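Novice: This is protein.txt, which holds compact mmCIF, C-alpha atoms and all ligand atoms:
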```txt
# COMPACT_ATOMS: atom_id res chain seq x y z
CA MET U 8 0.00 0.00 0.00
CA ASP U 9 1.14 3.47 -0.80
CA MET U 10 1.68 5.05 2.59
CA ALA U 11 2.78 8.33 1.04
CA ASN U 12 -0.71 8.93 -0.22
CA LYS U 13 -2.58 9.98 2.87
CA SER U 14 -6.21 9.41 2.09
CA ILE U 15 -6.20 6.17 0.14
CA VAL U 16 -9.02 4.32 1.83
CA SER U 17 -11.90 4.34 -0.65
CA GLU U 18 -14.18 1.99 1.23
CA PHE U 19 -14.76 0.69 4.72
CA VAL U 20 -15.80 -2.74 5.88
CA LEU U 21 -18.63 -2.76 8.40
CA LEU U 22 -18.03 -5.73 10.67
CA GLY U 23 -21.58 -5.60 12.00
CA LEU U 24 -22.70 -6.64 15.42
CA SER U 25 -21.45 -10.19 15.50
CA LYS U 26 -19.46 -12.73 13.53
CA SER U 27 -21.56 -15.67 14.61
CA TRP U 28 -23.96 -16.88 11.92
CA GLU U 29 -26.71 -17.79 14.41
CA LEU U 30 -26.61 -14.36 16.06
CA GLN U 31 -26.67 -12.70 12.64
CA MET U 32 -29.83 -14.64 11.78
CA LEU U 33 -31.38 -13.60 15.09
CA PHE U 34 -30.46 -9.93 14.52
CA PHE U 35 -31.80 -10.15 10.99
CA ILE U 36 -35.20 -11.31 12.21
CA VAL U 37 -35.44 -9.05 15.28
CA PHE U 38 -34.22 -5.90 13.52
CA SER U 39 -36.47 -6.49 10.50
CA LEU U 40 -39.47 -6.75 12.81
CA PHE U 41 -38.41 -3.64 14.72
CA TYR U 42 -37.89 -1.74 11.49
CA VAL U 43 -41.32 -2.62 10.10
CA ALA U 44 -42.96 -1.84 13.45
CA THR U 45 -41.15 1.52 13.63
CA MET U 46 -42.30 2.55 10.17
CA VAL U 47 -45.89 1.37 10.67
CA GLY U 48 -46.25 2.80 14.19
CA ASN U 49 -44.84 6.21 13.33
CA SER U 50 -46.85 6.44 10.11
CA LEU U 51 -49.97 5.70 12.13
CA ILE U 52 -49.18 8.56 14.51
CA ILE U 53 -48.68 10.98 11.61
CA ILE U 54 -51.86 9.86 9.83
CA THR U 55 -53.88 10.07 13.05
CA VAL U 56 -52.65 13.57 13.86
CA ILE U 57 -53.30 14.81 10.33
CA ALA U 58 -56.74 13.16 10.09
CA ASP U 59 -58.15 14.29 13.44
CA SER U 60 -58.70 18.01 13.89
CA GLN U 61 -58.95 17.43 17.67
CA LEU U 62 -55.23 16.75 17.56
CA HIS U 63 -54.32 19.89 15.63
CA THR U 64 -52.45 21.36 18.60
CA PRO U 65 -48.76 22.25 18.96
CA MET U 66 -48.09 19.22 21.13
CA TYR U 67 -49.38 16.77 18.53
CA PHE U 68 -47.79 18.64 15.62
CA LEU U 69 -44.46 18.37 17.41
CA LEU U 70 -45.16 14.72 18.14
CA SER U 71 -45.86 13.89 14.50
CA ASN U 72 -42.75 15.80 13.47
CA LEU U 73 -40.85 13.65 15.95
CA SER U 74 -42.30 10.59 14.24
CA ILE U 75 -40.89 11.78 10.92
CA ILE U 76 -37.44 12.08 12.50
CA ASP U 77 -37.80 8.69 14.15
CA MET U 78 -38.56 7.07 10.81
CA SER U 79 -35.55 8.79 9.28
CA LEU U 80 -33.33 7.76 12.17
CA ALA U 81 -34.48 4.18 11.78
CA SER U 82 -33.75 4.29 8.05
CA PHE U 83 -30.31 5.82 7.70
CA ALA U 84 -28.40 2.61 8.49
CA THR U 85 -30.64 -0.24 9.62
CA PRO U 86 -32.04 -1.28 6.19
CA LYS U 87 -28.48 -1.52 4.87
CA MET U 88 -27.49 -3.66 7.83
CA ILE U 89 -30.52 -5.91 7.36
CA THR U 90 -29.92 -6.43 3.64
CA ASP U 91 -26.19 -6.91 4.24
CA TYR U 92 -27.02 -9.89 6.45
CA LEU U 93 -28.70 -11.45 3.43
CA THR U 94 -26.22 -10.55 0.73
CA GLY U 95 -23.06 -10.91 2.80
CA HIS U 96 -21.87 -7.68 1.16
CA ARG U 97 -20.51 -5.55 3.98
CA THR U 98 -18.51 -2.73 2.52
CA ILE U 99 -19.47 0.91 2.45
CA SER U 100 -17.83 3.53 0.28
CA PHE U 101 -15.99 6.45 1.84
CA SER U 102 -18.71 8.84 0.73
CA GLY U 103 -21.40 6.41 1.94
CA CYS U 104 -19.72 6.41 5.32
CA ILE U 105 -19.62 10.21 5.46
CA THR U 106 -23.27 10.31 4.37
CA GLN U 107 -24.29 7.97 7.20
CA MET U 108 -22.44 10.18 9.67
CA PHE U 109 -24.16 13.25 8.28
CA PHE U 110 -27.63 11.79 8.57
CA LEU U 111 -27.03 10.27 11.99
CA HIS U 112 -26.03 13.66 13.40
CA LEU U 113 -28.71 15.51 11.43
CA PHE U 114 -31.50 13.33 12.79
CA THR U 115 -30.23 13.03 16.36
CA GLY U 116 -29.44 16.77 16.53
CA THR U 117 -32.88 17.64 15.19
CA GLU U 118 -34.54 15.15 17.54
CA ILE U 119 -32.80 16.70 20.54
CA VAL U 120 -34.01 20.21 19.68
CA LEU U 121 -37.50 18.90 18.99
CA LEU U 122 -37.59 17.12 22.35
CA MET U 123 -36.61 20.43 23.93
CA ALA U 124 -39.38 22.19 22.03
CA MET U 125 -41.85 19.59 23.31
CA SER U 126 -40.71 20.10 26.89
CA PHE U 127 -41.01 23.88 26.45
CA ASP U 128 -44.57 23.36 25.24
CA ARG U 129 -45.37 21.18 28.29
CA TYR U 130 -43.71 23.70 30.60
CA ILE U 131 -45.80 26.61 29.31
CA THR U 132 -48.99 24.52 29.34
CA ILE U 133 -48.61 23.54 32.96
CA CYS U 134 -46.65 26.34 34.59
CA LYS U 135 -47.97 29.30 32.55
CA PRO U 136 -51.41 28.12 31.40
CA LEU U 137 -52.85 31.63 31.12
CA HIS U 138 -50.15 32.71 28.68
CA TYR U 139 -50.22 29.52 26.63
CA THR U 140 -52.10 30.83 23.59
CA SER U 141 -50.08 34.03 23.47
CA ILE U 142 -46.73 32.19 23.68
CA ILE U 143 -47.20 28.99 21.69
CA SER U 144 -48.95 30.14 18.51
CA PRO U 145 -48.99 27.97 15.36
CA GLN U 146 -46.25 30.26 14.00
CA VAL U 147 -44.06 29.68 17.05
CA CYS U 148 -44.64 25.95 16.73
CA ALA U 149 -43.62 26.02 13.06
CA ALA U 150 -40.60 28.16 13.94
CA LEU U 151 -39.52 25.61 16.56
CA VAL U 152 -39.70 22.83 13.96
CA VAL U 153 -37.69 24.86 11.44
CA ALA U 154 -35.17 25.80 14.11
CA SER U 155 -34.66 22.17 15.07
CA TRP U 156 -33.77 21.26 11.47
CA ILE U 157 -31.42 24.24 11.15
CA VAL U 158 -29.60 23.30 14.36
CA GLY U 159 -29.46 19.68 13.18
CA ILE U 160 -27.94 20.66 9.84
CA MET U 161 -25.36 22.96 11.42
CA HIS U 162 -24.34 20.35 13.96
CA SER U 163 -23.98 17.55 11.41
CA MET U 164 -22.05 19.82 9.03
CA SER U 165 -19.52 20.49 11.76
CA GLN U 166 -19.09 16.76 12.40
CA VAL U 167 -18.77 15.89 8.71
CA ILE U 168 -16.33 18.70 7.98
CA PHE U 169 -14.16 17.42 10.80
CA ALA U 170 -14.40 13.84 9.51
CA LEU U 171 -13.40 14.99 6.01
CA THR U 172 -10.14 16.44 7.34
CA LEU U 173 -9.12 13.07 8.81
CA PRO U 174 -6.46 11.17 6.89
CA PHE U 175 -7.15 7.46 6.36
CA CYS U 176 -4.12 5.49 5.33
CA GLY U 177 -4.91 1.81 5.63
CA PRO U 178 -7.03 0.30 8.39
CA ASN U 179 -10.62 0.24 7.19
CA LYS U 180 -12.52 -2.25 9.34
CA ILE U 181 -15.31 -0.60 11.32
CA ASP U 182 -16.42 -2.68 14.28
CA SER U 183 -20.04 -1.51 14.14
CA PHE U 184 -22.97 -1.60 11.74
CA PHE U 185 -22.83 2.02 10.68
CA CYS U 186 -20.27 4.78 10.40
CA ASP U 187 -19.98 7.23 13.22
CA LEU U 188 -17.23 9.53 14.33
CA PRO U 189 -16.18 7.69 17.53
CA VAL U 190 -15.45 4.46 15.62
CA VAL U 191 -14.23 5.94 12.35
CA PHE U 192 -11.91 8.32 14.17
CA GLN U 193 -10.04 5.36 15.61
CA LEU U 194 -9.07 4.28 12.07
CA ALA U 195 -7.62 7.64 11.10
CA CYS U 196 -3.86 8.08 10.95
CA VAL U 197 -3.79 11.26 12.97
CA ASP U 198 -1.40 13.00 15.22
CA THR U 199 -4.10 15.35 16.48
CA TYR U 200 -5.58 12.72 18.73
CA ILE U 201 -6.58 15.10 21.53
CA LEU U 202 -8.33 17.41 19.08
CA GLY U 203 -10.33 14.44 17.81
CA LEU U 204 -11.40 13.37 21.27
CA PHE U 205 -12.33 16.96 22.02
CA MET U 206 -14.36 17.19 18.81
CA ILE U 207 -16.25 14.01 19.63
CA SER U 208 -16.82 14.97 23.26
CA THR U 209 -18.43 18.26 22.24
CA SER U 210 -21.37 16.23 20.91
CA GLY U 211 -21.55 14.52 24.27
CA ILE U 212 -21.30 17.78 26.19
CA ILE U 213 -24.03 19.36 24.08
CA ALA U 214 -26.23 16.30 24.64
CA LEU U 215 -25.51 16.39 28.37
CA SER U 216 -26.34 20.11 28.68
CA CYS U 217 -29.59 19.64 26.78
CA PHE U 218 -30.40 16.69 28.97
CA ILE U 219 -29.85 18.67 32.19
CA LEU U 220 -32.07 21.45 30.85
CA LEU U 221 -34.80 18.97 29.91
CA PHE U 222 -34.47 17.20 33.22
CA ASN U 223 -34.94 20.44 35.14
CA SER U 224 -37.92 21.55 33.12
CA TYR U 225 -39.68 18.20 33.62
CA VAL U 226 -38.93 18.29 37.34
CA ILE U 227 -40.47 21.78 37.56
CA VAL U 228 -43.46 20.62 35.55
CA LEU U 229 -44.01 17.52 37.68
CA VAL U 230 -43.65 19.46 40.94
CA THR U 231 -46.14 22.04 39.65
CA ILE U 232 -48.62 19.29 38.83
CA GLN U 233 -48.24 17.82 42.32
CA HIS U 234 -48.99 21.19 43.93
CA HIS U 235 -52.08 21.91 41.88
CA PRO U 236 -54.15 18.77 42.02
CA SER U 237 -57.09 19.11 39.66
CA GLY U 238 -59.18 16.95 37.39
CA GLY U 239 -56.64 16.87 34.61
CA SER U 240 -53.57 16.41 36.75
CA PHE U 241 -53.33 12.66 36.37
CA LYS U 242 -53.44 12.99 32.62
CA ALA U 243 -50.87 15.79 32.64
CA PHE U 244 -48.70 13.67 34.87
CA SER U 245 -48.86 10.67 32.59
CA THR U 246 -48.18 12.79 29.49
CA CYS U 247 -45.11 14.30 31.10
CA THR U 248 -43.73 11.02 32.41
CA ALA U 249 -44.20 9.56 28.91
CA HIS U 250 -42.25 12.46 27.40
CA PHE U 251 -39.62 12.14 30.07
CA SER U 252 -39.07 8.42 29.54
CA VAL U 253 -38.44 9.07 25.83
CA VAL U 254 -35.95 11.76 26.79
CA LEU U 255 -34.15 9.49 29.22
CA LEU U 256 -33.89 6.52 26.86
CA PHE U 257 -32.78 8.70 23.99
CA PHE U 258 -30.17 10.77 25.79
CA GLY U 259 -28.62 8.09 27.97
CA PRO U 260 -26.89 6.18 25.14
CA CYS U 261 -25.96 9.36 23.22
CA ILE U 262 -24.27 10.90 26.23
CA PHE U 263 -22.36 7.71 27.03
CA THR U 264 -21.16 7.18 23.48
CA TYR U 265 -19.85 10.68 23.02
CA MET U 266 -18.63 11.66 26.46
CA TRP U 267 -16.40 8.58 26.59
CA PRO U 268 -15.45 7.80 22.98
CA GLN U 269 -12.99 5.22 24.28
CA ASN U 270 -15.68 2.82 25.49
CA SER U 271 -15.15 -0.85 24.78
CA PHE U 272 -16.50 -1.89 21.40
CA LEU U 273 -19.13 -4.09 22.98
CA ILE U 274 -20.64 -1.22 24.98
CA GLU U 275 -20.38 1.00 21.93
CA LYS U 276 -22.37 -1.52 19.89
CA ILE U 277 -25.09 -2.00 22.47
CA LEU U 278 -25.49 1.78 22.81
CA SER U 279 -25.64 2.27 19.06
CA VAL U 280 -28.41 -0.32 18.77
CA PHE U 281 -30.24 1.63 21.45
CA TYR U 282 -30.39 4.98 19.74
CA THR U 283 -30.78 3.80 16.16
CA ILE U 284 -33.15 0.86 16.62
CA PHE U 285 -34.92 1.03 19.99
CA THR U 286 -35.68 4.73 20.50
CA PRO U 287 -37.36 5.27 17.08
CA ILE U 288 -40.01 2.76 18.11
CA LEU U 289 -40.58 4.25 21.57
CA ASN U 290 -42.87 7.08 20.49
CA PRO U 291 -45.47 4.85 18.87
CA ILE U 292 -45.33 2.46 21.83
CA ILE U 293 -45.56 5.13 24.51
CA TYR U 294 -48.10 7.30 22.75
CA THR U 295 -50.41 4.62 21.47
CA LEU U 296 -50.43 2.57 24.65
CA ARG U 297 -50.50 5.39 27.19
CA ASN U 298 -52.21 8.34 25.58
CA GLN U 299 -55.99 8.17 25.71
CA GLU U 300 -56.41 11.00 23.21
CA VAL U 301 -54.34 9.30 20.56
CA LYS U 302 -55.97 5.94 21.22
CA THR U 303 -59.43 7.47 20.88
CA SER U 304 -58.45 9.23 17.64
CA MET U 305 -57.06 6.03 16.20
CA ARG U 306 -60.29 4.21 17.03
CA LYS U 307 -62.30 7.02 15.44
CA LEU U 308 -60.14 6.88 12.33
CA LYS U 309 -60.55 3.12 12.13
CA ASN U 310 -64.34 3.40 12.45
CA LYS U 311 -64.42 6.10 9.82
CA LEU U 312 -62.43 3.95 7.42
CA LEU U 313 -64.44 0.80 8.11
CA ASN U 314 -67.94 2.33 7.93
CA PRO U 315 -67.68 5.73 6.29
CA GLN U 316 -71.46 6.25 6.09
CA LYS U 317 -72.37 5.92 9.75
CA ALA U 318 -72.14 8.90 12.02
CA ASN U 319 -69.57 8.40 14.74
CA PRO U 320 -70.77 9.08 18.30
CA LEU U 321 -67.21 9.71 19.49
CA HIS U 322 -67.13 12.69 17.19
CA PHE U 323 -69.06 14.72 19.74
CA LEU U 324 -66.80 14.04 22.67
CA LYS U 325 -64.66 16.93 23.72
CA PHE U 326 -61.35 16.56 25.42
CA THR U 327 -59.45 18.82 27.72
CA ARG U 328 -55.96 19.12 26.42
CA TYR U 329 -52.72 18.84 28.27
C1 LIG J 401 -44.75 19.55 11.80
O1 LIG J 401 -44.93 20.79 12.43
C2 LIG J 401 -45.47 21.81 11.61
C3 LIG J 401 -45.44 23.10 12.37
O2 LIG J 401 -46.26 23.09 13.47
C4 LIG J 401 -46.87 21.40 11.19
O3 LIG J 401 -47.45 22.39 10.39
C5 LIG J 401 -46.79 20.08 10.43
O4 LIG J 401 -48.08 19.65 10.11
C6 LIG J 401 -46.08 19.04 11.28
N1 LIG J 401 -45.87 17.85 10.48
C7 LIG J 401 -46.67 16.78 10.57
C8 LIG J 401 -46.35 15.63 9.71
O5 LIG J 401 -47.59 16.76 11.35
```
Would you give me this structure, written as structure tokens?
Ligand SMILES: *[C@@H]1O[C@H](CO)[C@@H](O)[C@H](O)[C@H]1NC(C)=O

Specialist:
Amino acid sequence: MDMANKSIVSEFVLLGLSKSWELQMLFFIVFSLFYVATMVGNSLIIITVIADSQLHTPMYFLLSNLSIIDMSLASFATPKMITDYLTGHRTISFSGCITQMFFLHLFTGTEIVLLMAMSFDRYITICKPLHYTSIISPQVCAALVVASWIVGIMHSMSQVIFALTLPFCGPNKIDSFFCDLPVVFQLACVDTYILGLFMISTSGIIALSCFILLFNSYVIVLVTIQHHPSGGSFKAFSTCTAHFSVVLLFFGPCIFTYMWPQNSFLIEKILSVFYTIFTPILNPIIYTLRNQEVKTSMRKLKNKLLNPQKANPLHFLKFTRY
């Protein structure tokens, strides 16, 4: 190999999660099921929110936007991994690798800002109910969505630009099922090791700061609910704990991966499965099983589709919103 030429690696080999054939078969089946369930569940949320005017509120608009991101996050690497199990073809081109990195950071960055927007919405609803309509207008909601994509794009650009400056001079086996900076960085022939670690940790520090902010706002919200017991407080409580469990399960693995990029490969792999395969399916699970409003809307939608002529009695029910 020509060591003089710095960037000669044109493709990487993704070693995947395991070498064992039996485990690969198991992963193939489990991940395919998860993938289908993620796409179906999130599509159902989006269709339900669009179809039911009862759900045309900022909270549900943000939720369906989150479903779009979840579907994207589930799709940037998992389908390739699943089909690679079948074909045995496991390489990814250099540009493919950079593209995966770009989309991973775009979708996770956007998801983080969107989760913060959702917590802001909950905070205003519960702690400043009288100002809700003057603060969270449809325009503000749309602006929050646009802002989350802009932040996502800027964050992922910074990661990709850094990755493009890395020289790769030989080793090209990635011990994971997709390309991400913490694993790819370890293949680079760099002398700026500390800079690299710093660059990777910034993602972790950003995630950690956002997490602390979210944590505080949910604590304030939950304490406020406790001090003002009213008819809707149980529902508000369950909505907020649902949001908070998504936040916890999403941030935990991200923070670990990036704050300590030198984790063992096994931990790294388990964490990466968490935020690319498990969290995208959490929203449909949490919101369809725990949220009465969404469940009712889905039932209404089903009735409407099954017998379009009949009037639907549920149509006249009104719901208080939290
Ligand atoms: C995403 O949010 C925007 C702004 O509130 C909203 O107009 C749009 O309908 C949402 N997207 C979906 C799929 O619900």

Novice: Output, as lines of an AutoDock Vina configuration file, the centre and edge lengths in Å (one decimal) of the axis-aligned box that contains all listed atoms of ligand LIG 401 (chain J) with 6 Å of margin on each side.

Specialist:
```
center_x = -46.4
center_y = 19.4
center_z = 11.6
size_x = 15.3
size_y = 19.5
size_z = 15.8
```

Novice: Give as a PyMOL selection string the set of residues within 9 Å of the point (-34.2, 14.8, 14.7), where distances use the file's coordinates and all atoms listed in the file.

Specialist: chain U and resi 72-73+75-77+79-80+111-122+155-156+159

Novice: Chain U near ligand LIG 401 (chain J) within 6 Å: what's each residue's closest atom pair and its distance in Å to one decimal, counting only C-alpha atoms and all ligand atoms, ordered by chain then ascending residue number, as a Markdown table?

Specialist:
```
| residue | atom | partner | partner_atom | distance |
| --- | --- | --- | --- | --- |
| U:Ile53 | CA | J:LIG401 | C8 | 5.5 |
| U:Phe68 | CA | J:LIG401 | O5 | 4.7 |
| U:Leu69 | CA | J:LIG401 | O1 | 5.6 |
| U:Ser71 | CA | J:LIG401 | O5 | 4.6 |
| U:Asn72 | CA | J:LIG401 | C1 | 4.6 |
| U:Pro145 | CA | J:LIG401 | O2 | 5.9 |
| U:Cys148 | CA | J:LIG401 | O2 | 4.6 |
| U:Ala149 | CA | J:LIG401 | C3 | 3.5 |
| U:Val152 | CA | J:LIG401 | O1 | 5.8 |
```

Novice: Next, the residues of the selection above should be written as a PDB file, keeping the file's coordinate frame with C-alpha atoms.

Specialist:
```
ATOM      1  CA  ILE U  53     -48.680  10.980  11.610  1.00  0.00           C
ATOM      2  CA  PHE U  68     -47.790  18.640  15.620  1.00  0.00           C
ATOM      3  CA  LEU U  69     -44.460  18.370  17.410  1.00  0.00           C
ATOM      4  CA  SER U  71     -45.860  13.890  14.500  1.00  0.00           C
ATOM      5  CA  ASN U  72     -42.750  15.800  13.470  1.00  0.00           C
ATOM      6  CA  PRO U 145     -48.990  27.970  15.360  1.00  0.00           C
ATOM      7  CA  CYS U 148     -44.640  25.950  16.730  1.00  0.00           C
ATOM      8  CA  ALA U 149     -43.620  26.020  13.060  1.00  0.00           C
ATOM      9  CA  VAL U 152     -39.700  22.830  13.960  1.00  0.00           C
TER      10      VAL U 152
END
```

Novice: Identify which of the residues U:Val147, U:Phe127, U:Ala58, U:Tyr92 lies closest to Ser27 in chain U, counting only C-alpha atoms when measuring atom-to-atom distances.

Specialist: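 Among the listed residues, U:Tyr92 lies closest to Ser27 in chain U.
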
Novice: Would you please work out which residue, of U:Val228, U:Leu33, U:Ala124, U:Leu40, is nearest to Phe285 in chain U when using all atoms listed in the file?

Specialist: U:Leu40

Novice: Using only C-alpha atoms, pick whichever of U:Val253, U:Val191, U:Leu273, U:Ala243 has the shortest atom-to-atom distance to Ser25 in chain U.

Specialist: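 Ranked by minimum distance to Ser25 in chain U, first place goes to U:Leu273.
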
Novice: When you draw a straight line from CA of Ala195 in chain U to CA of Pro174 in chain U, how long is it in Å?

Specialist: 5.6 Å

Novice: If we count all atoms listed in the file and set the cut-off at 10 Å, which residues sit around range 201-212 of chain U, ignoring sequence neighbours fewer than 6 positions away in its own chain? Please answer as number ranges by chain.

Specialist: U: 112, 116, 162-163, 165-166, 169-170, 173, 188-189, 192-193, 195, 218, 258, 260-269

Novice: Within 10 Å of Thr85 in chain U, counting all atoms listed in the file, which residues qualify if same-chain residues fewer than 3 places away don't, as an MDAnalysis selection string?

Specialist: chainID U and resid 38:39 41:42 80:82 88:91 184:185 280 283:284

Novice: Which value, in Å to one decimal, gives the distance between CA of Arg306 in chain U and CA of Thr55 in chain U?

Specialist: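 Separation of CA of Arg306 in chain U and CA of Thr55 in chain U: 9.6 Å.
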
Novice: Grab the CA of Ile213 in chain U to CA of Thr132 in chain U distance for me, in Å with one decimal place.

Specialist: 26.0 Å

Novice: For a quick check of understanding, using all atoms listed in the file, which of U:Val20, U:Val56, U:Met123, U:Val47 has the smallest distance to Met305 in chain U?

Specialist: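 Among U:Val20, U:Val56, U:Met123, U:Val47, it is U:Val56 that comes nearest to Met305 in chain U.
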
Novice: Can you pull out the residues contacting range 244-249 of chain U? Cut-off 8 Å, using all atoms listed in the file, and skip same-chain residues under 4 positions away; I want them as JSON, numbers by chain.

Specialist: {"U": [129, 225, 228, 229, 232, 240, 253, 293, 294, 297, 298, 329]}

Novice: So, with all atoms listed in the file as the atoms that count, which of U:Ser183, U:Thr303, U:Ser224, U:Gln107 lies closest to Ser271 in chain U?

Specialist: U:Ser183

Novice: For Gln233 in chain U, which of U:Gln31, U:Cys134, U:Cys104, U:Ser279 is the closest residue, counting all atoms listed in the file?

Specialist: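 Among the listed residues, U:Cys134 lies closest to Gln233 in chain U.
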